[in-house]
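Shown here: work-v1.txt, compact mmCIF, N, CA and C atoms.
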# COMPACT_ATOMS: atom_id res chain seq x y z
N MET A 27 88.21 85.23 104.76
CA MET A 27 89.59 84.87 105.04
C MET A 27 90.48 85.38 103.91
N LYS A 28 91.59 85.96 104.29
CA LYS A 28 92.54 86.46 103.31
C LYS A 28 93.52 85.34 102.95
N THR A 29 93.74 85.14 101.65
CA THR A 29 94.67 84.10 101.25
C THR A 29 96.10 84.61 101.15
N ASP A 30 96.28 85.91 100.96
CA ASP A 30 97.61 86.48 100.83
C ASP A 30 97.75 87.65 101.80
N THR A 31 98.22 87.37 103.00
CA THR A 31 98.32 88.41 104.02
C THR A 31 99.42 89.42 103.71
N ILE A 32 100.44 89.01 102.97
CA ILE A 32 101.52 89.94 102.63
C ILE A 32 101.01 90.99 101.65
N SER A 33 100.27 90.57 100.63
CA SER A 33 99.70 91.53 99.69
C SER A 33 98.73 92.47 100.38
N ASP A 34 97.94 91.94 101.31
CA ASP A 34 97.02 92.77 102.07
C ASP A 34 97.78 93.81 102.89
N MET A 35 98.87 93.39 103.51
CA MET A 35 99.70 94.29 104.31
C MET A 35 100.28 95.41 103.44
N LEU A 36 100.86 95.04 102.30
CA LEU A 36 101.47 96.04 101.41
C LEU A 36 100.42 97.01 100.87
N THR A 37 99.24 96.49 100.55
CA THR A 37 98.17 97.36 100.04
C THR A 37 97.69 98.34 101.11
N ARG A 38 97.57 97.87 102.34
CA ARG A 38 97.15 98.78 103.42
C ARG A 38 98.19 99.88 103.67
N ILE A 39 99.48 99.52 103.62
CA ILE A 39 100.53 100.53 103.80
C ILE A 39 100.51 101.51 102.63
N ARG A 40 100.38 101.01 101.42
CA ARG A 40 100.33 101.87 100.23
C ARG A 40 99.15 102.83 100.30
N ASN A 41 97.97 102.31 100.64
CA ASN A 41 96.78 103.17 100.73
C ASN A 41 96.90 104.17 101.87
N GLY A 42 97.48 103.76 103.00
CA GLY A 42 97.68 104.67 104.12
C GLY A 42 98.61 105.82 103.75
N ASN A 43 99.65 105.51 102.99
CA ASN A 43 100.57 106.55 102.53
C ASN A 43 99.89 107.52 101.58
N LEU A 44 99.05 107.00 100.70
CA LEU A 44 98.39 107.86 99.71
C LEU A 44 97.45 108.88 100.34
N VAL A 45 96.77 108.50 101.42
CA VAL A 45 95.83 109.43 102.03
C VAL A 45 96.41 110.14 103.25
N GLY A 46 97.66 109.85 103.61
CA GLY A 46 98.32 110.57 104.69
C GLY A 46 98.03 110.09 106.09
N HIS A 47 97.65 108.82 106.25
CA HIS A 47 97.40 108.28 107.58
C HIS A 47 98.70 108.18 108.37
N LYS A 48 98.60 108.34 109.67
CA LYS A 48 99.76 108.18 110.56
C LYS A 48 99.94 106.73 110.97
N VAL A 49 98.80 105.99 111.11
CA VAL A 49 98.83 104.62 111.60
C VAL A 49 98.01 103.74 110.66
N VAL A 50 98.53 102.52 110.43
CA VAL A 50 97.82 101.53 109.62
C VAL A 50 97.69 100.26 110.45
N LYS A 51 96.50 99.66 110.45
CA LYS A 51 96.26 98.43 111.21
C LYS A 51 96.24 97.25 110.24
N ILE A 52 97.07 96.22 110.54
CA ILE A 52 97.09 95.02 109.72
C ILE A 52 96.92 93.80 110.61
N ASP A 53 96.49 92.69 110.02
CA ASP A 53 96.39 91.44 110.75
C ASP A 53 97.79 90.92 111.05
N SER A 54 97.96 90.35 112.22
CA SER A 54 99.27 89.87 112.64
C SER A 54 99.43 88.38 112.32
N THR A 55 100.42 88.07 111.52
CA THR A 55 100.88 86.71 111.30
C THR A 55 102.39 86.71 111.53
N ARG A 56 102.99 85.56 111.56
CA ARG A 56 104.45 85.52 111.72
C ARG A 56 105.15 86.27 110.60
N MET A 57 104.68 86.04 109.38
CA MET A 57 105.31 86.66 108.22
C MET A 57 105.16 88.18 108.24
N THR A 58 103.94 88.68 108.50
CA THR A 58 103.75 90.12 108.51
C THR A 58 104.51 90.76 109.67
N TYR A 59 104.62 90.06 110.79
CA TYR A 59 105.38 90.59 111.92
C TYR A 59 106.86 90.73 111.56
N HIS A 60 107.43 89.72 110.92
CA HIS A 60 108.85 89.78 110.57
C HIS A 60 109.12 90.82 109.48
N ILE A 61 108.20 90.97 108.54
CA ILE A 61 108.36 92.00 107.52
C ILE A 61 108.26 93.38 108.15
N THR A 62 107.32 93.57 109.07
CA THR A 62 107.18 94.85 109.78
C THR A 62 108.44 95.17 110.57
N ARG A 63 108.97 94.19 111.26
CA ARG A 63 110.21 94.38 112.03
C ARG A 63 111.36 94.78 111.12
N LEU A 64 111.42 94.17 109.93
CA LEU A 64 112.47 94.49 108.96
C LEU A 64 112.30 95.91 108.42
N LEU A 65 111.05 96.32 108.16
CA LEU A 65 110.80 97.69 107.71
C LEU A 65 111.22 98.70 108.76
N ARG A 66 111.02 98.39 110.03
CA ARG A 66 111.45 99.27 111.12
C ARG A 66 112.97 99.33 111.20
N THR A 67 113.63 98.19 111.06
CA THR A 67 115.08 98.14 111.12
C THR A 67 115.71 98.94 109.98
N GLU A 68 115.10 98.86 108.80
CA GLU A 68 115.63 99.57 107.64
C GLU A 68 115.22 101.04 107.59
N GLY A 69 114.36 101.48 108.51
CA GLY A 69 114.00 102.89 108.62
C GLY A 69 112.85 103.34 107.74
N PHE A 70 112.06 102.41 107.21
CA PHE A 70 110.93 102.79 106.36
C PHE A 70 109.69 103.17 107.17
N ILE A 71 109.58 102.67 108.40
CA ILE A 71 108.47 103.05 109.28
C ILE A 71 109.06 103.54 110.60
N SER A 72 108.30 104.36 111.32
CA SER A 72 108.84 104.91 112.56
C SER A 72 108.78 103.90 113.71
N GLN A 73 107.67 103.20 113.85
CA GLN A 73 107.55 102.18 114.89
C GLN A 73 106.34 101.31 114.62
N TYR A 74 106.17 100.27 115.44
CA TYR A 74 105.03 99.38 115.32
C TYR A 74 104.71 98.83 116.69
N GLU A 75 103.49 98.35 116.86
CA GLU A 75 103.11 97.69 118.10
C GLU A 75 102.09 96.61 117.80
N THR A 76 102.16 95.53 118.56
CA THR A 76 101.19 94.45 118.41
C THR A 76 100.12 94.59 119.50
N VAL A 77 98.88 94.38 119.10
CA VAL A 77 97.75 94.57 120.00
C VAL A 77 96.79 93.40 119.81
N VAL A 78 96.21 92.93 120.92
CA VAL A 78 95.18 91.90 120.86
C VAL A 78 93.84 92.56 121.14
N LYS A 79 92.92 92.49 120.17
CA LYS A 79 91.58 93.06 120.33
C LYS A 79 90.57 91.99 119.96
N GLU A 80 89.63 91.75 120.85
CA GLU A 80 88.56 90.80 120.61
C GLU A 80 89.09 89.43 120.19
N GLY A 81 90.18 89.01 120.80
CA GLY A 81 90.75 87.70 120.53
C GLY A 81 91.58 87.60 119.26
N ARG A 82 91.77 88.69 118.53
CA ARG A 82 92.59 88.70 117.31
C ARG A 82 93.79 89.58 117.51
N ARG A 83 94.91 89.19 116.87
CA ARG A 83 96.15 89.96 116.97
C ARG A 83 96.27 90.90 115.77
N TYR A 84 96.63 92.12 116.06
CA TYR A 84 96.83 93.13 115.03
C TYR A 84 98.19 93.79 115.23
N ILE A 85 98.72 94.34 114.15
CA ILE A 85 99.93 95.15 114.22
C ILE A 85 99.55 96.56 113.78
N PHE A 86 99.87 97.54 114.61
CA PHE A 86 99.68 98.94 114.26
C PHE A 86 101.02 99.47 113.77
N ILE A 87 101.08 99.86 112.50
CA ILE A 87 102.30 100.37 111.88
C ILE A 87 102.19 101.88 111.82
N TYR A 88 103.19 102.56 112.40
CA TYR A 88 103.24 104.02 112.38
C TYR A 88 104.10 104.44 111.19
N LEU A 89 103.46 105.06 110.20
CA LEU A 89 104.13 105.43 108.97
C LEU A 89 105.04 106.62 109.17
N LYS A 90 106.07 106.69 108.35
CA LYS A 90 107.07 107.74 108.46
C LYS A 90 106.95 108.66 107.25
N TYR A 91 107.04 109.95 107.47
CA TYR A 91 106.96 110.94 106.41
C TYR A 91 108.21 111.80 106.42
N SER A 92 108.54 112.39 105.27
CA SER A 92 109.71 113.27 105.18
C SER A 92 109.38 114.61 105.83
N ALA A 93 110.26 115.59 105.67
CA ALA A 93 110.05 116.91 106.28
C ALA A 93 108.75 117.53 105.78
N ASN A 94 108.42 117.28 104.54
CA ASN A 94 107.13 117.70 104.00
C ASN A 94 106.11 116.65 104.43
N PRO A 95 105.15 116.98 105.28
CA PRO A 95 104.25 115.97 105.83
C PRO A 95 103.38 115.24 104.81
N THR A 96 103.30 115.75 103.60
CA THR A 96 102.49 115.07 102.60
C THR A 96 103.31 114.08 101.78
N ARG A 97 104.61 114.01 102.00
CA ARG A 97 105.47 113.11 101.23
C ARG A 97 105.88 111.91 102.07
N PRO A 98 105.34 110.71 101.77
CA PRO A 98 105.69 109.52 102.56
C PRO A 98 107.11 109.05 102.27
N LEU A 99 107.72 108.42 103.26
CA LEU A 99 109.07 107.89 103.09
C LEU A 99 109.06 106.66 102.19
N ILE A 100 108.02 105.84 102.29
CA ILE A 100 107.89 104.69 101.39
C ILE A 100 107.25 105.19 100.10
N ARG A 101 108.04 105.18 99.02
CA ARG A 101 107.55 105.68 97.74
C ARG A 101 106.92 104.58 96.90
N GLY A 102 107.25 103.32 97.19
CA GLY A 102 106.69 102.24 96.41
C GLY A 102 106.81 100.89 97.09
N LEU A 103 105.85 100.03 96.84
CA LEU A 103 105.83 98.66 97.35
C LEU A 103 105.36 97.77 96.20
N LYS A 104 106.05 96.66 96.00
CA LYS A 104 105.63 95.75 94.94
C LYS A 104 105.77 94.31 95.41
N ARG A 105 104.68 93.57 95.33
CA ARG A 105 104.67 92.14 95.68
C ARG A 105 105.21 91.38 94.49
N VAL A 106 106.17 90.49 94.72
CA VAL A 106 106.79 89.74 93.63
C VAL A 106 106.28 88.30 93.62
N SER A 107 106.56 87.56 94.66
CA SER A 107 106.14 86.16 94.74
C SER A 107 104.73 86.11 95.30
N LYS A 108 103.85 85.42 94.61
CA LYS A 108 102.45 85.34 95.01
C LYS A 108 102.07 83.89 95.26
N PRO A 109 100.95 83.63 95.91
CA PRO A 109 100.56 82.23 96.15
C PRO A 109 100.40 81.41 94.87
N GLY A 110 99.99 82.03 93.78
CA GLY A 110 99.83 81.31 92.52
C GLY A 110 101.08 81.19 91.70
N LEU A 111 102.09 82.02 91.99
CA LEU A 111 103.33 82.02 91.23
C LEU A 111 104.48 82.40 92.16
N ARG A 112 105.16 81.41 92.68
CA ARG A 112 106.28 81.65 93.57
C ARG A 112 107.52 82.01 92.76
N VAL A 113 108.29 82.98 93.27
CA VAL A 113 109.51 83.42 92.59
C VAL A 113 110.68 83.18 93.54
N TYR A 114 111.61 82.34 93.09
CA TYR A 114 112.79 82.02 93.88
C TYR A 114 114.02 82.54 93.17
N VAL A 115 115.00 82.99 93.95
CA VAL A 115 116.26 83.47 93.39
C VAL A 115 117.41 82.80 94.12
N SER A 116 118.49 82.57 93.38
CA SER A 116 119.70 82.03 94.01
C SER A 116 120.55 83.20 94.49
N ASN A 117 121.65 82.90 95.14
CA ASN A 117 122.45 83.98 95.73
C ASN A 117 123.07 84.89 94.67
N ASN A 118 123.26 84.43 93.45
CA ASN A 118 123.83 85.31 92.42
C ASN A 118 122.75 85.98 91.57
N GLN A 119 121.48 85.74 91.84
CA GLN A 119 120.38 86.38 91.11
C GLN A 119 119.63 87.41 91.95
N ILE A 120 120.10 87.70 93.14
CA ILE A 120 119.40 88.63 94.04
C ILE A 120 119.42 90.03 93.43
N PRO A 121 118.25 90.65 93.25
CA PRO A 121 118.19 91.95 92.59
C PRO A 121 118.62 93.11 93.50
N ILE A 122 119.06 94.18 92.85
CA ILE A 122 119.34 95.44 93.53
C ILE A 122 118.18 96.38 93.18
N VAL A 123 117.54 96.95 94.18
CA VAL A 123 116.35 97.77 93.97
C VAL A 123 116.74 99.24 93.89
N LEU A 124 116.43 99.88 92.76
CA LEU A 124 116.70 101.30 92.51
C LEU A 124 118.14 101.70 92.84
N GLY A 125 119.07 100.90 92.40
CA GLY A 125 120.48 101.22 92.60
C GLY A 125 120.89 101.25 94.06
N GLY A 126 120.20 100.50 94.90
CA GLY A 126 120.53 100.43 96.32
C GLY A 126 119.70 101.35 97.20
N GLN A 127 118.79 102.12 96.62
CA GLN A 127 117.95 103.01 97.42
C GLN A 127 116.79 102.27 98.07
N GLY A 128 116.41 101.15 97.51
CA GLY A 128 115.33 100.34 98.06
C GLY A 128 115.86 99.00 98.51
N ILE A 129 114.95 98.16 99.00
CA ILE A 129 115.34 96.82 99.44
C ILE A 129 114.41 95.79 98.83
N ALA A 130 114.93 94.59 98.69
CA ALA A 130 114.12 93.43 98.34
C ALA A 130 114.04 92.58 99.60
N ILE A 131 112.88 92.07 99.91
CA ILE A 131 112.69 91.24 101.10
C ILE A 131 112.56 89.79 100.65
N LEU A 132 113.39 88.93 101.25
CA LEU A 132 113.42 87.52 100.90
C LEU A 132 113.09 86.65 102.09
N SER A 133 112.46 85.52 101.81
CA SER A 133 112.24 84.49 102.82
C SER A 133 113.28 83.40 102.57
N THR A 134 114.19 83.22 103.51
CA THR A 134 115.30 82.29 103.33
C THR A 134 115.33 81.29 104.48
N SER A 135 116.31 80.42 104.43
CA SER A 135 116.49 79.46 105.52
C SER A 135 116.96 80.16 106.79
N GLN A 136 117.46 81.38 106.69
CA GLN A 136 117.90 82.17 107.84
C GLN A 136 116.80 83.09 108.35
N GLY A 137 115.62 83.04 107.75
CA GLY A 137 114.50 83.89 108.16
C GLY A 137 114.18 84.92 107.10
N ILE A 138 113.42 85.93 107.47
CA ILE A 138 113.05 87.02 106.57
C ILE A 138 114.18 88.05 106.61
N ILE A 139 114.85 88.26 105.48
CA ILE A 139 116.00 89.16 105.44
C ILE A 139 115.94 90.03 104.17
N THR A 140 116.80 91.05 104.13
CA THR A 140 116.88 91.92 102.97
C THR A 140 117.83 91.34 101.94
N ASN A 141 117.82 91.94 100.75
CA ASN A 141 118.72 91.49 99.69
C ASN A 141 120.19 91.70 100.07
N ILE A 142 120.47 92.73 100.83
CA ILE A 142 121.85 93.02 101.24
C ILE A 142 122.35 91.95 102.20
N GLN A 143 121.51 91.58 103.16
CA GLN A 143 121.89 90.52 104.11
C GLN A 143 122.03 89.18 103.40
N ALA A 144 121.16 88.90 102.43
CA ALA A 144 121.23 87.63 101.70
C ALA A 144 122.53 87.53 100.91
N LYS A 145 122.97 88.64 100.34
CA LYS A 145 124.25 88.63 99.61
C LYS A 145 125.41 88.41 100.57
N GLU A 146 125.34 89.00 101.76
CA GLU A 146 126.40 88.80 102.76
C GLU A 146 126.47 87.34 103.18
N PHE A 147 125.29 86.72 103.40
CA PHE A 147 125.25 85.32 103.82
C PHE A 147 125.51 84.36 102.66
N GLY A 148 125.35 84.83 101.42
CA GLY A 148 125.54 83.98 100.25
C GLY A 148 124.42 82.98 100.05
N ILE A 149 123.19 83.39 100.38
CA ILE A 149 122.05 82.48 100.25
C ILE A 149 120.95 83.14 99.41
N GLY A 150 120.10 82.33 98.83
CA GLY A 150 118.95 82.80 98.08
C GLY A 150 117.68 82.39 98.80
N GLY A 151 116.55 82.60 98.15
CA GLY A 151 115.28 82.23 98.75
C GLY A 151 114.12 82.74 97.93
N GLU A 152 112.97 82.81 98.56
CA GLU A 152 111.77 83.30 97.89
C GLU A 152 111.75 84.82 97.94
N LEU A 153 111.62 85.45 96.80
CA LEU A 153 111.61 86.91 96.69
C LEU A 153 110.20 87.41 96.97
N LEU A 154 109.97 87.96 98.17
CA LEU A 154 108.63 88.35 98.60
C LEU A 154 108.18 89.67 97.99
N CYS A 155 108.98 90.74 98.17
CA CYS A 155 108.53 92.05 97.71
C CYS A 155 109.71 93.02 97.59
N TYR A 156 109.43 94.13 96.93
CA TYR A 156 110.36 95.26 96.83
C TYR A 156 109.79 96.43 97.62
N VAL A 157 110.66 97.17 98.29
CA VAL A 157 110.26 98.40 98.99
C VAL A 157 111.26 99.48 98.61
N TRP A 158 110.75 100.64 98.16
CA TRP A 158 111.63 101.76 97.85
C TRP A 158 111.00 103.06 98.24
Would you give me this structure, written as structure tokens?
Amino acid sequence: MKTDTISDMLTRIRNGNLVGHKVVKIDSTRMTYHITRLLRTEGFISQYETVVKEGRRYIFIYLKYSANPTRPLIRGLKRVSKPGLRVYVSNNQIPIVLGGQGIAILSTSQGIITNIQAKEFGIGGELLCYVW
């Protein structure tokens, strides 16, 4: 059993990018589904689909590459808040990732949102990860 599905998801995406995979399979949870949907909305992945195999739910993430097929669009992923050390930020402490080129993903009372949306709403929450 995996205790941190978000870290597992980010590691699988990172490893898939490093070796040039087109598709990455991750376990489906509510949190990973919402993060995947957010990555699609922000344009970091091309598409995703949920599949049930042998009674388990999986998400197939289709990775996106630049014009050079060996250069992935996602250049970095970093897990911030972990099960052993939760990191919370208020609305005036929300970080800007790489001068606005990347996003921070937060878990808030409004759901899983980006740092830009959190600033618009004026809310803080748990800082899950950075994507750039």
A:Lys51, A:Arg105, A:Arg112, A:Arg38 ranked by distance to Val78 of chain A, top pick (using only C-alpha atoms):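 Counting only C-alpha atoms, the residue closest to Val78 of chain A is A:Lys51.
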Show which residues sit within 6.5 Å of Val49 of chain A, as a PyMOL selection string. Count only N, CA and C atoms, and ignore same-chain residues fewer than 5 positions away. chain A and resi 86-89
Can you check which parts of segment 64-109 of chain A lie within 9 Å of segment 55-59 of chain A? Per residue, the shortest pair of atoms and distance in Å to one decimal, counting only C-alpha atoms, sorted by chain and number, as a tab-separated table.
residue	atom	partner	partner_atom	distance
A:Leu64	CA	A:Tyr59	CA	8.6
A:Thr76	CA	A:Tyr59	CA	8.6
A:Arg83	CA	A:Thr55	CA	8.1
A:Tyr84	CA	A:Thr55	CA	8.5
A:Ile85	CA	A:Tyr59	CA	7.5
Among the residues A:Ile120, A:Leu65, A:Ile138, A:Ile129, the one that comes closest to Gly150 of chain A [using all atoms listed in the file]: A:Ile120
Close residues, Ser107 of chain A itself excluded, 8 Å, only N, CA and C atoms, min 3 positions apart in chain, as a list in words: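 Close residues of Ser107 of chain A: Lys104, Gly110, Leu111, Arg112, Val113, Tyr114, Glu152, Leu153, Leu154, Cys155 and Tyr156 of chain A.
Taking atom CA of Lys108 of chain A and atom CA of Asp30 of chain A as the two end points, the separation is 7.7 Å.
One finds atom CA of Asp34 of chain A at 8.6 Å from atom C of Ile52 of chain A.
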I need the helix (DSSP H, G or I) residues of segment 41-136 of chain A per DSSP on the backbone, written as a ChimeraX atom specification. /A:41-45,56-67,124-126
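In this structure, atom CA of Asn141 of chain A sits 29.0 Å away from atom CA of Asn94 of chain A.
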With distances taken over only N, CA and C atoms, which of A:Asn117, A:Thr29, A:Ser92, A:Gln73 is nearest to Phe147 of chain A?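 Checking each candidate against Phe147 of chain A, we get A:Asn117 as the closest.
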Would you please work out which residue, of A:Gln143, A:Thr96, A:Asn118, A:Gln136, is nearest to Asn43 of chain A when using all atoms listed in the file?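 Ranked by minimum distance to Asn43 of chain A, first place goes to A:Thr96.
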Going by DSSP on the backbone, which residues of chain A come out as strand (DSSP E)? List them as a ChimeraX atom specification. /A:49-53,71-79,82-89,103-105,114-115,129-134,137-140,151-157
Return the single residue from A:Ile139, A:Gly125, A:Val106, A:Lys90 that is closest to Lys48 of chain A, with distances computed using all atoms listed in the file.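 For Lys48 of chain A, the nearest of the given residues is A:Lys90.
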Of the listed residues A:Thr31, A:Tyr91, A:Pro109, A:His47, that which approaches Ile61 of chain A most closely, counting only C-alpha atoms: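 Of A:Thr31, A:Tyr91, A:Pro109, A:His47, the one nearest Ile61 of chain A, counting only C-alpha atoms, is A:Thr31.
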To box segment 105-120 of chain A, take all atoms listed in the file, fit an axis-aligned box, add 3 Å on each side, and give centre and edge lengths in Å to one decimal, as JSON.
{"center_x": 111.8, "center_y": 87.4, "center_z": 93.6, "size_x": 30.0, "size_y": 18.4, "size_z": 11.0}
Leaving out Gly102 of chain A and any residue of its chain fewer than 3 positions from it, which residues lie within 8 Å of it when counting only N, CA and C atoms, given as a compact mmCIF listing (two decimals) with N, CA and C atoms, in the coordinates of the input?
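Now in around-v6.txt:
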# COMPACT_ATOMS: atom_id res chain seq x y z
N ARG A 40 100.38 101.01 101.42
CA ARG A 40 100.33 101.87 100.23
C ARG A 40 99.15 102.83 100.30
N PRO A 98 105.34 110.71 101.77
CA PRO A 98 105.69 109.52 102.56
C PRO A 98 107.11 109.05 102.27
N LEU A 99 107.72 108.42 103.26
CA LEU A 99 109.07 107.89 103.09
C LEU A 99 109.06 106.66 102.19
N ARG A 105 104.68 93.57 95.33
CA ARG A 105 104.67 92.14 95.68
C ARG A 105 105.21 91.38 94.49
N TYR A 156 109.43 94.13 96.93
CA TYR A 156 110.36 95.26 96.83
C TYR A 156 109.79 96.43 97.62
N VAL A 157 110.66 97.17 98.29
CA VAL A 157 110.26 98.40 98.99
C VAL A 157 111.26 99.48 98.61
N TRP A 158 110.75 100.64 98.16
CA TRP A 158 111.63 101.76 97.85
C TRP A 158 111.00 103.06 98.24
